[in-house]
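K.L.:
Just dropping this structure here.
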Amino acid sequence: MIEQIAAAIKCQDYRRAGELVNQVLQESPENAWAQLYLGQLHEVAGKLALAESVYRQLLQKTTNTKVLTQARHGLQRVADRLQQQRQNAIAASTADPDGAQIGVLILEPIPQEIKTTVARTFGQIMQLDPYTARLKLPTRGWRFYKSGKIGELRFLGENLRAAGIPCFWTTLVEIERIQVFQVSYFQSTTPPIVMGHNAQGQQSSIAFDWSEVSQRVTAQLPIFEQVVDRDVRGKLQRKTQTQDYAQFCDLHLPERLCILRLCDRSYQFHQGCAMMNRLNDRTVRLSWNRLSHFFQQQIPQANVWADFAPFADTVLDQIELLGHLKSHINLFRRTETTWDPAFHLYSGLILTKAIRRE
């Protein structure tokens with residue numbers, strides 16, 4: 001009957017071949033030749049995942065050298081077709097101008113207990129080996145994974161979501177549309193009015209309602225200084241060290257696509273309304289902590305995001321990407337650093353994702 005199956009497939013009588021294969025497998029489920037032809041029928045029907053599964057099982061179980069050879073050839077055919085389908089889909093996704101915009105793909109955390117299982121699927125989609133795939137999947141905070149044309153990132157993201165792997169993607173244009181207002185001080189808290197500078201550096205004010213604030217993003221950005229130290233041989237050498245940290249707090253106004261950005265280095269604690277003046281203390285750190293506590297009381301409805309550090313670890317080396325992104329951070333720095341645009345990207349991603357969800 002195996003010869004009949006082979007003859008039917010050669011004549012492209014796939015219906016007859018399928019009937020014969022089912023008949024053989026019912027009588028002898030372990031028949032390697034019948035399983036091989038089942039894989040070939042899946043191929044013809046375009047069921048590539050099923051065909052791949054059959055071929056891999058044959059490679060693990062059978063000792064028939066002829067079946068093994070054909071199973072390997074079948075796996076290669078499936079891999080070639082999947083690669084071609086992938087390339088065609090990506091080409092279609094990036095063909096229009098919108099699909100060609102530069103964007104980023106962000107992986108969201110998954111539970112540790114399912115990481116090994118999910119890594120297998122992740123590796124297949126991203127064309128990674130299982131070990132590398134497992135290292136790429138985050139279990140705490142977001143992970144920057146890839147930048148490129150948004151059409152390709154959308155294609156990858158949709159495949160990941162279909163496999164139950166949480167992620168999202170955004171264009172840099174969406175991040176750049178966000179208006180950032182540098183807050184100098186609160187002129188009033190009821191209603192809240194802040195004084196500061198807009199993106200053009202012009203001094204102005206913004207009045208808003210506390211109910212508009214949907215999210216609060218906090219982070220520490222390192223302050224670097226050149227120091228003189230001795231190496232292992234006792235010779236003097238100059239090197240860059242982190243000397244301090246600047247505290248940042250972004251208040252998100254999603255309906256206005258606006259971020260109110262506060263920094264302990266530039267916030268004028270002695271200015272503004274009387275209530276805020278009472279927040280002044282002996283040190284900037286104490287004043288900042290009291291200001292943060294005030295926000296906790298005024299906007300308990302706002303989600304608090306404080307996981308910038310693990311995200312930064314995954315994106316700081318993306319010099320070209322971050323170099324195209326205006327940071328809207330005015331810290332005095334002797335040399336440029338990717339920390340500033342990395343924080344703005346992080347905060348901007350949080351805001352754009354929240355707007356989509358709404």
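Order determines the names: the first chain of the structure tokens is A, the second B, and so forth; residues in each chain are numbered 1 upward, and ligands are numbered 1 upward as they are shown.
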DSSP says alpha helix (DSSP H) for which residues of segment 97-224 of chain A? Put them as a PyMOL selection string?
P.N.:
chain A and resi 115-126+130-136+150-162+172-176
K.L.:
Taking the chain letters and numbering used in this document, name the residues of segment 35-232 of chain A that DSSP puts in strand (DSSP E), as an MDAnalysis selection string.
P.N.:
chainID A and resid 102:107 143:149 167:171 179:189 192:197 203:207 215:230
K.L.:
Looking at A:Trp169, A:Phe295, A:Tyr14, A:Trp142, which one is nearest to Ser214 of chain A, with distances taken over only C-alpha atoms?
P.N.:
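Counting only C-alpha atoms, the residue closest to Ser214 of chain A is A:Phe295.
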K.L.:
Can you write out as a tab-separated table which residues of segment 149-174 of chain A fall within 10 Å of segment 77-95 of chain A, alongside each residue's closest atom pair and its distance in Å to one decimal, counting only C-alpha atoms and ordering rows by chain and ascending residue number?
P.N.:
```
residue	atom	partner	partner_atom	distance
A:Lys149	CA	A:Thr94	CA	6.7
A:Ile150	CA	A:Thr94	CA	7.3
A:Gly151	CA	A:Ser93	CA	4.5
A:Glu152	CA	A:Ile90	CA	5.2
A:Leu153	CA	A:Ile90	CA	8.7
A:Arg154	CA	A:Ser93	CA	7.9
A:Phe155	CA	A:Ile90	CA	6.6
A:Leu156	CA	A:Ile90	CA	8.7
```
K.L.:
So that I have them on file, write out the residues from the current selection with C-alpha atoms, as a short mmCIF file (atom, residue, chain, number, x, y, z; two decimals), in the first residue's frame.
P.N.:
```
data_model
loop_
_atom_site.label_atom_id
_atom_site.label_comp_id
_atom_site.auth_asym_id
_atom_site.auth_seq_id
_atom_site.Cartn_x
_atom_site.Cartn_y
_atom_site.Cartn_z
CA LYS A 149 10.69 49.85 9.66
CA ILE A 150 7.40 49.84 11.51
CA GLY A 151 5.83 47.53 8.91
CA GLU A 152 8.29 44.78 9.75
CA LEU A 153 7.95 45.40 13.50
CA ARG A 154 4.16 45.24 13.21
CA PHE A 155 4.43 41.92 11.35
CA LEU A 156 6.68 40.47 14.06
#
```
K.L.:
As an exercise, work out the distance from atom CA of Ala7 of chain A to atom CA of Ser28 of chain A in Å and give it to one decimal place.
P.N.:
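That distance, rounded to one decimal, is 19.9 Å.
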K.L.:
Pick from A:Leu286, A:Ala309, A:Val104, A:Leu36: nearest to Val173 of chain A, with only C-alpha atoms counted?
P.N.:
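For Val173 of chain A, the nearest of the candidates is A:Val104.
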K.L.:
As a PyMOL selection string, please: the residues near segment 195-206 of chain A (cut-off 9 Å, only C-alpha atoms, same-chain neighbours under 2 positions excluded).
P.N.:
chain A and resi 179-187+192-193+208+272+328
K.L.:
Could those residues be written to a file, using N, CA, C and O atoms, as a tab-separated table (two decimals), in the first residue's frame?
P.N.:
```
chain	number	residue	atom	x	y	z
A	179	GLN	N	4.08	66.65	23.34
A	179	GLN	CA	4.51	67.96	23.82
A	179	GLN	C	5.07	67.81	25.23
A	179	GLN	O	4.43	67.24	26.11
A	180	VAL	N	6.28	68.33	25.43
A	180	VAL	CA	6.92	68.24	26.75
A	180	VAL	C	7.04	69.65	27.33
A	180	VAL	O	7.59	70.55	26.68
A	181	PHE	N	6.52	69.80	28.53
A	181	PHE	CA	6.57	71.09	29.22
A	181	PHE	C	7.47	70.95	30.44
A	181	PHE	O	7.24	70.12	31.33
A	182	GLN	N	8.56	71.75	30.48
A	182	GLN	CA	9.51	71.70	31.58
A	182	GLN	C	8.97	72.56	32.74
A	182	GLN	O	8.89	73.78	32.64
A	183	VAL	N	8.59	71.91	33.83
A	183	VAL	CA	7.96	72.60	34.95
A	183	VAL	C	9.03	73.24	35.85
A	183	VAL	O	9.95	72.57	36.30
A	184	SER	N	8.85	74.55	36.10
A	184	SER	CA	9.75	75.26	37.02
A	184	SER	C	9.18	75.29	38.44
A	184	SER	O	9.92	75.12	39.41
A	185	TYR	N	7.86	75.49	38.54
A	185	TYR	CA	7.22	75.47	39.86
A	185	TYR	C	5.71	75.52	39.67
A	185	TYR	O	5.20	75.81	38.58
A	186	PHE	N	4.98	75.21	40.74
A	186	PHE	CA	3.52	75.31	40.75
A	186	PHE	C	3.14	76.72	41.19
A	186	PHE	O	3.48	77.15	42.30
A	187	GLN	N	2.42	77.41	40.32
A	187	GLN	CA	1.90	78.72	40.69
A	187	GLN	C	0.69	78.56	41.60
A	187	GLN	O	0.44	79.38	42.49
A	192	PRO	N	-4.60	73.34	39.71
A	192	PRO	CA	-3.16	73.27	39.45
A	192	PRO	C	-2.75	74.09	38.23
A	192	PRO	O	-3.33	73.96	37.15
A	193	ILE	N	-1.78	74.95	38.43
A	193	ILE	CA	-1.19	75.75	37.35
A	193	ILE	C	0.32	75.68	37.50
A	193	ILE	O	0.85	75.97	38.58
A	208	PHE	N	-4.33	72.84	34.42
A	208	PHE	CA	-4.92	71.52	34.15
A	208	PHE	C	-5.72	71.08	35.37
A	208	PHE	O	-5.82	71.82	36.36
A	272	GLY	N	6.51	80.10	43.62
A	272	GLY	CA	5.16	79.58	43.47
A	272	GLY	C	4.27	79.76	44.66
A	272	GLY	O	4.49	80.63	45.52
A	328	HIS	N	14.45	66.33	25.43
A	328	HIS	CA	13.68	67.30	26.24
A	328	HIS	C	14.14	67.26	27.69
A	328	HIS	O	13.35	67.41	28.63
```
K.L.:
Find the residues near segment 57-70 of chain A: any atom within 8 Å, counting only C-alpha atoms, skip ones fewer than 4 places away on the same chain, and give them as a PyMOL selection string.
P.N.:
chain A and resi 32-33+35-36+53+74
K.L.:
Which residues are close to Gln23 of chain A, i.e. within 12 Å by only C-alpha atoms, leaving aside same-chain residues fewer than 4 positions away? Reply as number ranges by chain.
P.N.:
A: 1-2, 4-5, 16-19, 27-29, 31, 34-35, 38
K.L.:
Please report the interatomic distance between atom CA of Tyr267 of chain A and atom CA of Gln296 of chain A in Å with one decimal.
P.N.:
17.9 Å
K.L.:
When you look at Leu321 of chain A with a cut-off of 10 Å (counting only C-alpha atoms), what residues show up, excluding the ones that are within fewer than 4 positions of it in the same chain? I need them as a PyMOL selection string.
P.N.:
chain A and resi 102-104+147-148+172+315-317+325+338+341-342
K.L.:
Taking N, CA and C atoms for each residue, export the selection above as an mmCIF file, in the first residue's frame.
P.N.:
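Wrote it out as result13.cif, contents follow:
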```
data_model
loop_
_atom_site.group_PDB
_atom_site.id
_atom_site.type_symbol
_atom_site.label_atom_id
_atom_site.label_comp_id
_atom_site.auth_asym_id
_atom_site.auth_seq_id
_atom_site.Cartn_x
_atom_site.Cartn_y
_atom_site.Cartn_z
ATOM 1 N N ILE A 102 10.375 54.653 10.817
ATOM 2 C CA ILE A 102 11.215 53.990 11.807
ATOM 3 C C ILE A 102 10.463 53.880 13.134
ATOM 4 N N GLY A 103 10.533 52.705 13.722
ATOM 5 C CA GLY A 103 9.853 52.484 14.987
ATOM 6 C C GLY A 103 10.636 51.546 15.878
ATOM 7 N N VAL A 104 10.020 51.173 17.000
ATOM 8 C CA VAL A 104 10.653 50.269 17.955
ATOM 9 C C VAL A 104 9.665 49.177 18.336
ATOM 10 N N SER A 147 14.693 47.905 16.531
ATOM 11 C CA SER A 147 14.215 49.084 15.810
ATOM 12 C C SER A 147 14.290 48.798 14.324
ATOM 13 N N GLY A 148 13.532 49.545 13.556
ATOM 14 C CA GLY A 148 13.510 49.328 12.107
ATOM 15 C C GLY A 148 12.232 49.850 11.513
ATOM 16 N N LEU A 172 8.782 56.349 15.913
ATOM 17 C CA LEU A 172 9.428 57.492 16.565
ATOM 18 C C LEU A 172 8.636 58.765 16.322
ATOM 19 N N VAL A 315 18.478 49.409 26.090
ATOM 20 C CA VAL A 315 18.399 50.369 24.990
ATOM 21 C C VAL A 315 19.561 51.363 24.950
ATOM 22 N N LEU A 316 20.348 51.462 26.007
ATOM 23 C CA LEU A 316 21.390 52.488 26.076
ATOM 24 C C LEU A 316 22.426 52.368 24.972
ATOM 25 N N ASP A 317 22.659 51.148 24.465
ATOM 26 C CA ASP A 317 23.671 50.980 23.421
ATOM 27 C C ASP A 317 23.138 51.252 22.020
ATOM 28 N N LEU A 325 16.522 61.095 18.541
ATOM 29 C CA LEU A 325 15.392 61.423 19.407
ATOM 30 C C LEU A 325 15.766 62.571 20.336
ATOM 31 N N THR A 338 23.382 58.726 26.232
ATOM 32 C CA THR A 338 22.125 58.133 25.758
ATOM 33 C C THR A 338 21.105 57.973 26.879
ATOM 34 N N PRO A 341 17.870 60.640 26.194
ATOM 35 C CA PRO A 341 16.841 60.221 25.236
ATOM 36 C C PRO A 341 16.225 58.872 25.589
ATOM 37 N N ALA A 342 16.971 58.014 26.301
ATOM 38 C CA ALA A 342 16.410 56.719 26.707
ATOM 39 C C ALA A 342 15.243 56.928 27.669
#
```
